[in-house]
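File shown here: run-v2.cif, holding mmCIF, C-alpha atoms.
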data_start
#
loop_
_atom_site.label_atom_id
_atom_site.label_comp_id
_atom_site.auth_asym_id
_atom_site.auth_seq_id
_atom_site.Cartn_x
_atom_site.Cartn_y
_atom_site.Cartn_z
CA MET A 15 -158.23 -89.57 60.39
CA ALA A 16 -159.42 -87.41 57.47
CA GLN A 17 -162.17 -88.73 55.19
CA VAL A 18 -163.85 -87.33 52.09
CA ILE A 19 -167.65 -87.17 52.50
CA ASP A 20 -170.54 -86.27 50.22
CA ARG A 21 -173.10 -83.60 50.94
CA TRP A 22 -175.72 -86.04 52.26
CA ARG A 23 -173.30 -87.32 54.87
CA LEU A 24 -172.31 -83.72 55.59
CA GLN A 25 -175.93 -82.80 56.26
CA GLY A 26 -176.38 -85.82 58.50
CA MET A 27 -173.23 -85.09 60.47
CA LEU A 28 -174.21 -81.45 60.96
CA GLU A 29 -177.56 -82.58 62.32
CA HIS A 30 -175.63 -84.63 64.85
CA GLY A 31 -173.38 -81.83 66.03
CA ALA A 32 -170.40 -81.83 63.68
CA GLN A 33 -168.54 -78.54 63.24
CA LEU A 34 -168.18 -77.04 59.78
CA VAL A 35 -165.13 -74.95 58.89
CA GLU A 36 -164.51 -72.96 55.72
CA VAL A 37 -160.77 -72.57 55.11
CA LEU A 38 -160.92 -69.98 52.34
CA PRO A 39 -159.73 -66.42 53.06
CA ALA A 40 -162.05 -64.42 55.29
CA ARG A 41 -163.16 -62.25 52.38
CA GLU A 42 -164.45 -65.29 50.54
CA TYR A 43 -166.24 -66.44 53.67
CA ASP A 44 -167.88 -63.04 54.05
CA GLU A 45 -169.19 -63.24 50.50
CA ASP A 46 -170.50 -66.79 50.59
CA HIS A 47 -170.43 -69.77 52.87
CA ILE A 48 -172.47 -72.79 53.83
CA PRO A 49 -174.97 -71.92 56.55
CA GLY A 50 -173.55 -72.68 59.98
CA ALA A 51 -169.90 -72.74 58.87
CA ILE A 52 -167.24 -70.87 60.78
CA SER A 53 -164.22 -69.24 59.14
CA ILE A 54 -160.70 -70.43 59.85
CA PRO A 55 -158.62 -69.44 56.79
CA LEU A 56 -156.00 -72.00 55.84
CA SER A 57 -153.23 -69.44 56.24
CA LYS A 58 -154.30 -68.79 59.82
CA ILE A 59 -154.70 -72.29 61.10
CA ASP A 60 -152.66 -72.58 64.28
CA ARG A 61 -153.12 -73.78 67.83
CA GLU A 62 -154.89 -70.57 68.81
CA SER A 63 -157.41 -70.58 65.96
CA LEU A 64 -158.24 -74.22 66.59
CA GLU A 65 -159.36 -73.32 70.09
CA ALA A 66 -162.62 -72.23 68.48
CA LEU A 67 -163.34 -75.90 67.83
CA ASP A 68 -164.67 -78.51 70.22
CA PRO A 69 -162.21 -81.43 70.16
CA GLU A 70 -164.99 -83.80 71.18
CA ARG A 71 -167.05 -83.24 68.03
CA PRO A 72 -166.23 -84.09 64.39
CA VAL A 73 -164.78 -81.28 62.28
CA ILE A 74 -165.64 -80.94 58.60
CA VAL A 75 -163.50 -78.61 56.49
CA TYR A 76 -164.24 -77.37 52.99
CA CYS A 77 -163.02 -74.88 50.44
CA TRP A 78 -164.28 -73.85 47.03
CA ASP A 79 -165.95 -76.39 44.76
CA THR A 80 -165.30 -75.67 41.11
CA ALA A 81 -166.60 -79.01 39.86
CA MET B 7 -172.92 -74.79 46.95
CA ALA B 8 -172.58 -76.94 43.84
CA ALA B 9 -175.99 -78.39 44.62
CA GLY B 10 -177.62 -74.99 44.55
CA LEU B 11 -178.48 -75.08 48.23
CA PRO B 12 -178.87 -71.83 50.19
CA THR B 13 -175.76 -70.01 51.37
CA GLU B 14 -175.01 -67.16 53.74
CA GLY B 15 -172.93 -64.04 53.09
CA THR B 16 -172.99 -60.79 51.18
CA ASN B 17 -173.29 -62.59 47.83
CA ALA B 18 -175.98 -64.99 48.97
CA THR B 19 -178.89 -62.99 47.61
CA ARG B 20 -177.30 -61.98 44.30
CA PRO B 21 -178.56 -63.74 41.17
CA ARG B 22 -176.73 -66.87 40.09
CA ALA B 23 -177.16 -69.43 37.37
CA GLY B 24 -179.40 -71.55 39.57
CA THR B 25 -181.73 -68.75 40.55
CA VAL B 26 -182.12 -67.39 37.02
CA ALA B 27 -182.52 -70.77 35.26
CA ARG B 28 -186.05 -71.71 34.33
CA THR B 29 -187.04 -74.80 36.22
CA ASP B 30 -190.17 -75.48 34.19
CA VAL B 31 -188.21 -76.52 31.09
CA PRO B 32 -189.70 -79.65 29.51
CA VAL B 33 -187.70 -82.84 29.93
CA CYS B 34 -187.75 -86.03 27.92
CA ALA B 35 -186.07 -89.43 27.68
CA LEU B 36 -183.71 -90.90 25.11
CA SER B 37 -186.45 -93.24 23.89
CA ASP B 38 -189.03 -90.51 23.22
CA ARG B 39 -189.88 -89.38 19.70
CA VAL B 40 -189.05 -85.91 18.40
CA GLY B 41 -192.62 -85.21 17.32
CA ASP B 42 -194.06 -86.03 20.74
CA VAL B 43 -191.50 -83.94 22.57
CA ARG B 44 -191.96 -81.02 20.17
CA ARG B 45 -195.72 -81.02 20.73
CA ARG B 46 -195.29 -81.17 24.47
CA ALA B 47 -192.62 -78.45 24.53
CA GLN B 48 -194.51 -76.10 22.23
CA GLY B 49 -197.68 -76.70 24.20
CA ALA B 50 -195.85 -75.42 27.26
CA GLY B 51 -194.48 -72.41 25.38
CA TRP B 52 -190.98 -73.75 24.86
CA ASP B 53 -188.78 -74.32 21.83
CA ALA B 54 -186.29 -76.38 23.82
CA ALA B 55 -186.22 -79.47 26.01
CA VAL B 56 -183.62 -81.22 28.13
CA VAL B 57 -182.92 -84.93 27.78
CA VAL B 58 -182.50 -86.63 31.15
CA ASP B 59 -182.28 -90.14 32.57
CA ASP B 60 -184.51 -91.50 35.31
CA GLN B 61 -182.36 -89.73 37.93
CA ARG B 62 -182.73 -86.39 36.10
CA VAL B 63 -179.08 -86.51 35.04
CA VAL B 64 -178.67 -84.42 31.89
CA LEU B 65 -177.83 -86.42 28.77
CA GLY B 66 -178.50 -83.92 26.03
CA LEU B 67 -180.28 -80.82 24.85
CA LEU B 68 -182.88 -80.13 22.20
CA ARG B 69 -183.05 -76.61 20.87
CA SER B 70 -185.36 -75.47 18.09
CA ALA B 71 -183.17 -77.03 15.37
CA GLU B 72 -183.30 -80.46 16.98
CA LEU B 73 -186.99 -80.21 17.76
CA GLY B 74 -187.57 -79.47 14.07
CA LYS B 75 -186.17 -82.81 12.96
CA GLU B 76 -188.21 -85.78 11.71
CA PRO B 77 -191.09 -86.48 14.12
CA GLU B 78 -190.43 -90.22 14.25
CA LEU B 79 -186.76 -89.82 15.06
CA LEU B 80 -185.69 -91.00 18.49
CA ILE B 81 -184.48 -88.27 20.82
CA GLU B 82 -181.25 -90.21 21.23
CA GLN B 83 -180.59 -89.67 17.52
CA ALA B 84 -181.74 -86.07 17.42
CA MET B 85 -180.31 -84.46 20.53
CA ARG B 86 -177.13 -82.53 21.09
CA PRO B 87 -175.27 -84.86 23.44
CA GLY B 88 -173.22 -83.57 26.37
CA PRO B 89 -174.19 -79.90 26.28
CA SER B 90 -172.19 -77.26 28.15
CA THR B 91 -173.58 -76.94 31.65
CA TYR B 92 -173.19 -74.49 34.49
CA ARG B 93 -173.30 -74.96 38.24
CA PRO B 94 -176.07 -73.24 40.18
CA TYR B 95 -173.80 -71.08 42.34
CA VAL B 96 -171.93 -69.40 39.47
CA PRO B 97 -172.65 -65.64 39.47
CA ILE B 98 -174.92 -64.62 36.65
CA LYS B 99 -172.50 -62.05 35.21
CA GLU B 100 -169.90 -64.75 34.71
CA VAL B 101 -172.39 -67.07 33.03
CA ALA B 102 -173.85 -64.33 30.85
CA ASP B 103 -170.41 -63.31 29.59
CA ALA B 104 -169.54 -66.93 28.80
CA MET B 105 -172.82 -67.54 26.98
CA VAL B 106 -172.36 -64.44 24.85
CA LYS B 107 -168.75 -65.32 24.08
CA ARG B 108 -169.65 -68.89 23.12
CA ASN B 109 -172.88 -67.87 21.40
CA LEU B 110 -174.99 -70.23 23.50
CA GLU B 111 -178.68 -69.45 23.38
CA SER B 112 -179.34 -71.71 26.34
CA ALA B 113 -177.52 -74.06 28.69
CA PRO B 114 -178.64 -76.51 31.37
CA VAL B 115 -177.76 -75.74 34.96
CA THR B 116 -176.85 -78.89 36.83
CA THR B 117 -175.68 -79.98 40.25
CA SER B 118 -172.17 -81.38 40.60
CA ASP B 119 -173.60 -84.86 40.06
CA GLY B 120 -175.17 -83.80 36.78
CA LYS B 121 -178.80 -83.49 37.84
CA LEU B 122 -180.90 -80.88 36.12
CA VAL B 123 -181.72 -77.69 38.03
CA GLY B 124 -183.17 -75.80 35.07
CA LEU B 125 -182.43 -74.33 31.66
CA LEU B 126 -180.68 -70.98 31.61
CA LEU B 127 -181.59 -68.77 28.65
CA ARG B 128 -178.98 -66.31 27.47
CA VAL B 129 -181.57 -63.56 27.24
CA ASP B 130 -182.40 -64.05 30.93
CA ALA B 131 -178.75 -64.28 31.97
CA VAL B 132 -177.78 -61.10 30.10
CA ALA B 133 -180.77 -59.16 31.45
CA GLN B 134 -179.97 -60.17 35.02
CA ALA B 135 -176.26 -59.47 34.59
CA GLU B 136 -176.94 -55.98 33.29
CA GLY B 137 -178.88 -55.31 36.45
CA CYS B 138 -176.11 -56.66 38.67
CA PRO B 139 -172.65 -55.61 37.41
CA GLU B 140 -171.06 -56.55 40.73
CA CYS B 141 -172.15 -60.16 40.35
CA ALA B 142 -168.90 -61.54 38.95
CA ARG B 143 -167.27 -64.06 41.25
CA LYS B 144 -163.97 -63.09 42.84
CA PHE B 145 -161.53 -65.97 42.55
CA ILE B 146 -158.82 -66.36 45.14
#
Give the structure from the file, written as structure tokens.
Amino acid sequence: MAQVIDRWRLQGMLEHGAQLVEVLPAREYDEDHIPGAISIPLSKIDRESLEALDPERPVIVYCWDTA
Amino acid sequence: MAAGLPTEGTNATRPRAGTVARTDVPVCALSDRVGDVRRRAQGAGWDAAVVVDDQRVVLGLLRSAELGKEPELLIEQAMRPGPSTYRPYVPIKEVADAMVKRNLESAPVTTSDGKLVGLLLRVDAVAQAEGCPECARKFI
């Protein structure tokens, strides 16, 4: 079940083993990303790309914040 | 990123609003008096101050014109409320261009929840941008 979380919860979850995924295009990831994030661009999400993730651990996805 | 926390990548070390903003800008509360804030700001070498609440959320801005108002006036009555703000991660070229276009001499840099990071001076932004022409953000 997807949930929206704030950055404090994000930091706490990362400390406890959550996986962080940036879904922007790879070029954007190369330019800037949150430390520890892996790149799985939205356009390339499929069964194969998701094999990079551990199904036993929470997955946090993010894109660009223009707020 | 909106909180100004460190990032990784080829752009991570390029100047942004949050890294160029001056973090030593004087702050004051709505209930302070203009004269007191002016003395404190000028004593620290500033002709500006940022109005914040007890969580450091930006409420207003005092530039030289506001600091020159009646000394007994409350800051709440003297300030520019709701100033334009920038997020810390925005590349400095983008901010500099916007400040020139809008003729802003300064602007607070805030986190996404409105907390003050520092005050960005146009003169600093333009100087940094001239030294980093590749610093404009590439939107997808």
Rank nothing, just name the residue among A:Glu29, A:Asp46, A:Glu36, A:Asp20 nearest to chain B, using only C-alpha atoms.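 Closest to chain B of all the choices is A:Asp46.
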Give the answer as one residue: which of B:Leu127, B:Val40, B:Leu65, B:Met7 has the shortest atom-to-atom distance to chain A, using only C-alpha atoms? B:Met7
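Taking atom CA of Leu36 of chain B and atom CA of Pro94 of chain B as endpoints, the distance between them is 24.4 Å.
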Quick one: which residues end up in the PyMOL selection byres ((chain A) within 9 of (chain B)) for this structure, as a ChimeraX atom specification? /A:21,38-39,42-50,78-81
Long-range neighbours of Pro87 of chain B as a VMD selection string, 8 Å cut-off, all atoms listed in the file, 2 positions minimum in chain: chain B and resid 65 to 67 85 89
Give me, please, the distance in Å between atom CA of Ser53 of chain A and atom CA of Pro21 of chain B, quoted to one decimal.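 According to the coordinates, atom CA of Ser53 of chain A and atom CA of Pro21 of chain B are separated by 23.6 Å.
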I'd like the residues picked by the PyMOL selection byres ((chain B and resi 115) around 6) written out as an mmCIF file with C-alpha atoms, in the coordinates of the input, using the chain letters and numbers from the file.
data_model
loop_
_atom_site.group_PDB
_atom_site.id
_atom_site.type_symbol
_atom_site.label_atom_id
_atom_site.label_comp_id
_atom_site.auth_asym_id
_atom_site.auth_seq_id
_atom_site.Cartn_x
_atom_site.Cartn_y
_atom_site.Cartn_z
ATOM 1 C CA THR B 91 -173.580 -76.940 31.650
ATOM 2 C CA TYR B 92 -173.190 -74.490 34.490
ATOM 3 C CA ARG B 93 -173.300 -74.960 38.240
ATOM 4 C CA PRO B 114 -178.640 -76.510 31.370
ATOM 5 C CA THR B 116 -176.850 -78.890 36.830
ATOM 6 C CA VAL B 123 -181.720 -77.690 38.030
ATOM 7 C CA GLY B 124 -183.170 -75.800 35.070
ATOM 8 C CA LEU B 125 -182.430 -74.330 31.660
#
Would you kindly translate the PyMOL selection byres ((chain A and resi 35) around 8) into the concrete residues it picks from this file, as a list of chain:residue names?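 What the PyMOL selection byres ((chain A and resi 35) around 8) grabs from the file is A:Gln33, A:Leu34, A:Glu36, A:Val37, A:Ala51, A:Ile52, A:Ser53, A:Ile54, A:Val73, A:Ile74, A:Val75, A:Tyr76.
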Just give me the gap between atom CA of Met105 of chain B and atom CA of Val33 of chain B in Å, one decimal is fine.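 Atom CA of Val33 of chain B lies at a distance of 21.5 Å from atom CA of Met105 of chain B.
The shortest atom-to-atom distance to Arg41 of chain A, with all atoms listed in the file taken into account, belongs to A:Pro55 out of A:Asp68, A:Pro55, A:Leu28, A:Ile19.
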For Ala16 of chain A, the closest of A:Asp60, A:Pro72, A:Cys77, A:Ala40 counting only C-alpha atoms is A:Pro72
For Ala133 of chain B, list every protein, DNA or RNA residue within 12 Å, evaluated using all atoms listed in the file, and leave out those in the same chain fewer than 6 positions away; present the list as a CSV table (one decimal) with C-alpha atoms, keeping the file's coordinate frame.
chain,number,residue,atom,x,y,z
B,21,PRO,CA,-178.6,-63.7,41.2
B,26,VAL,CA,-182.1,-67.4,37.0
B,98,ILE,CA,-174.9,-64.6,36.6
B,99,LYS,CA,-172.5,-62.0,35.2
B,101,VAL,CA,-172.4,-67.1,33.0
B,102,ALA,CA,-173.8,-64.3,30.8
B,103,ASP,CA,-170.4,-63.3,29.6
B,106,VAL,CA,-172.4,-64.4,24.8
B,126,LEU,CA,-180.7,-71.0,31.6
B,127,LEU,CA,-181.6,-68.8,28.6
B,139,PRO,CA,-172.6,-55.6,37.4
With a distance cut-off of 6 Å and all atoms listed in the file, select the neighbouring residues of Ser70 of chain B, excluding the residue or stretch itself and same-chain residues fewer than 3 positions from it, and output the selection as a PyMOL selection string. chain B and resi 53-54+73
Fill-in result for segment 15-45 of chain B, N, CA and C atoms as an mmCIF file, in the frame of the given file:
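So the final result, stored in selection_1.cif, reads:
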data_model
loop_
_atom_site.group_PDB
_atom_site.id
_atom_site.type_symbol
_atom_site.label_atom_id
_atom_site.label_comp_id
_atom_site.auth_asym_id
_atom_site.auth_seq_id
_atom_site.Cartn_x
_atom_site.Cartn_y
_atom_site.Cartn_z
ATOM 1 N N GLY B 15 -173.997 -64.962 53.454
ATOM 2 C CA GLY B 15 -172.930 -64.040 53.090
ATOM 3 C C GLY B 15 -173.447 -62.912 52.222
ATOM 4 N N THR B 16 -172.555 -61.984 51.923
ATOM 5 C CA THR B 16 -172.990 -60.790 51.180
ATOM 6 C C THR B 16 -173.407 -61.111 49.758
ATOM 7 N N ASN B 17 -172.918 -62.222 49.193
ATOM 8 C CA ASN B 17 -173.290 -62.590 47.830
ATOM 9 C C ASN B 17 -174.506 -63.514 47.770
ATOM 10 N N ALA B 18 -174.985 -63.916 48.930
ATOM 11 C CA ALA B 18 -175.980 -64.990 48.970
ATOM 12 C C ALA B 18 -177.276 -64.636 48.247
ATOM 13 N N THR B 19 -177.611 -63.360 48.221
ATOM 14 C CA THR B 19 -178.890 -62.990 47.610
ATOM 15 C C THR B 19 -178.735 -62.478 46.177
ATOM 16 N N ARG B 20 -177.502 -62.446 45.683
ATOM 17 C CA ARG B 20 -177.300 -61.980 44.300
ATOM 18 C C ARG B 20 -177.666 -63.081 43.318
ATOM 19 N N PRO B 21 -178.130 -62.701 42.132
ATOM 20 C CA PRO B 21 -178.560 -63.740 41.170
ATOM 21 C C PRO B 21 -177.407 -64.607 40.696
ATOM 22 N N ARG B 22 -177.706 -65.881 40.571
ATOM 23 C CA ARG B 22 -176.730 -66.870 40.090
ATOM 24 C C ARG B 22 -177.411 -67.729 39.035
ATOM 25 N N ALA B 23 -176.613 -68.585 38.434
ATOM 26 C CA ALA B 23 -177.160 -69.430 37.370
ATOM 27 C C ALA B 23 -178.388 -70.202 37.851
ATOM 28 N N GLY B 24 -178.311 -70.719 39.070
ATOM 29 C CA GLY B 24 -179.400 -71.550 39.570
ATOM 30 C C GLY B 24 -180.665 -70.789 39.879
ATOM 31 N N THR B 25 -180.530 -69.513 40.216
ATOM 32 C CA THR B 25 -181.730 -68.750 40.550
ATOM 33 C C THR B 25 -182.376 -68.141 39.312
ATOM 34 N N VAL B 26 -181.581 -67.984 38.247
ATOM 35 C CA VAL B 26 -182.120 -67.390 37.020
ATOM 36 C C VAL B 26 -182.630 -68.469 36.055
ATOM 37 N N ALA B 27 -182.093 -69.677 36.159
ATOM 38 C CA ALA B 27 -182.520 -70.770 35.260
ATOM 39 C C ALA B 27 -184.005 -71.032 35.413
ATOM 40 N N ARG B 28 -184.610 -71.401 34.310
ATOM 41 C CA ARG B 28 -186.050 -71.710 34.330
ATOM 42 C C ARG B 28 -186.231 -73.190 34.660
ATOM 43 N N THR B 29 -186.901 -73.421 35.736
ATOM 44 C CA THR B 29 -187.040 -74.800 36.220
ATOM 45 C C THR B 29 -188.202 -75.542 35.577
ATOM 46 N N ASP B 30 -189.013 -74.812 34.808
ATOM 47 C CA ASP B 30 -190.170 -75.480 34.190
ATOM 48 C C ASP B 30 -189.856 -75.984 32.775
ATOM 49 N N VAL B 31 -188.575 -76.039 32.429
ATOM 50 C CA VAL B 31 -188.210 -76.520 31.090
ATOM 51 C C VAL B 31 -188.691 -77.962 30.909
ATOM 52 N N PRO B 32 -189.260 -78.270 29.748
ATOM 53 C CA PRO B 32 -189.700 -79.650 29.510
ATOM 54 C C PRO B 32 -188.503 -80.604 29.483
ATOM 55 N N VAL B 33 -188.739 -81.806 29.983
ATOM 56 C CA VAL B 33 -187.700 -82.840 29.930
ATOM 57 C C VAL B 33 -188.252 -84.040 29.156
ATOM 58 N N CYS B 34 -187.341 -84.838 28.644
ATOM 59 C CA CYS B 34 -187.750 -86.030 27.920
ATOM 60 C C CYS B 34 -186.669 -87.094 28.062
ATOM 61 N N ALA B 35 -186.991 -88.294 27.569
ATOM 62 C CA ALA B 35 -186.070 -89.430 27.680
ATOM 63 C C ALA B 35 -185.461 -89.746 26.324
ATOM 64 N N LEU B 36 -184.392 -90.514 26.346
ATOM 65 C CA LEU B 36 -183.710 -90.900 25.110
ATOM 66 C C LEU B 36 -184.641 -91.640 24.153
ATOM 67 N N SER B 37 -185.590 -92.387 24.716
ATOM 68 C CA SER B 37 -186.450 -93.240 23.890
ATOM 69 C C SER B 37 -187.705 -92.524 23.382
ATOM 70 N N ASP B 38 -187.883 -91.263 23.734
ATOM 71 C CA ASP B 38 -189.030 -90.510 23.220
ATOM 72 C C ASP B 38 -188.829 -90.173 21.752
ATOM 73 N N ARG B 39 -189.923 -89.776 21.113
ATOM 74 C CA ARG B 39 -189.880 -89.380 19.700
ATOM 75 C C ARG B 39 -189.881 -87.853 19.584
ATOM 76 N N VAL B 40 -189.172 -87.359 18.594
ATOM 77 C CA VAL B 40 -189.050 -85.910 18.400
ATOM 78 C C VAL B 40 -190.413 -85.234 18.298
ATOM 79 N N GLY B 41 -191.313 -85.841 17.529
ATOM 80 C CA GLY B 41 -192.620 -85.210 17.320
ATOM 81 C C GLY B 41 -193.397 -85.063 18.619
ATOM 82 N N ASP B 42 -193.347 -86.089 19.464
ATOM 83 C CA ASP B 42 -194.060 -86.030 20.740
ATOM 84 C C ASP B 42 -193.484 -84.960 21.649
ATOM 85 N N VAL B 43 -192.165 -84.913 21.700
ATOM 86 C CA VAL B 43 -191.500 -83.940 22.570
ATOM 87 C C VAL B 43 -191.757 -82.518 22.055
ATOM 88 N N ARG B 44 -191.711 -82.353 20.733
ATOM 89 C CA ARG B 44 -191.960 -81.020 20.170
ATOM 90 C C ARG B 44 -193.359 -80.530 20.532
ATOM 91 N N ARG B 45 -194.343 -81.413 20.393
ATOM 92 C CA ARG B 45 -195.720 -81.020 20.730
ATOM 93 C C ARG B 45 -195.820 -80.634 22.210
#
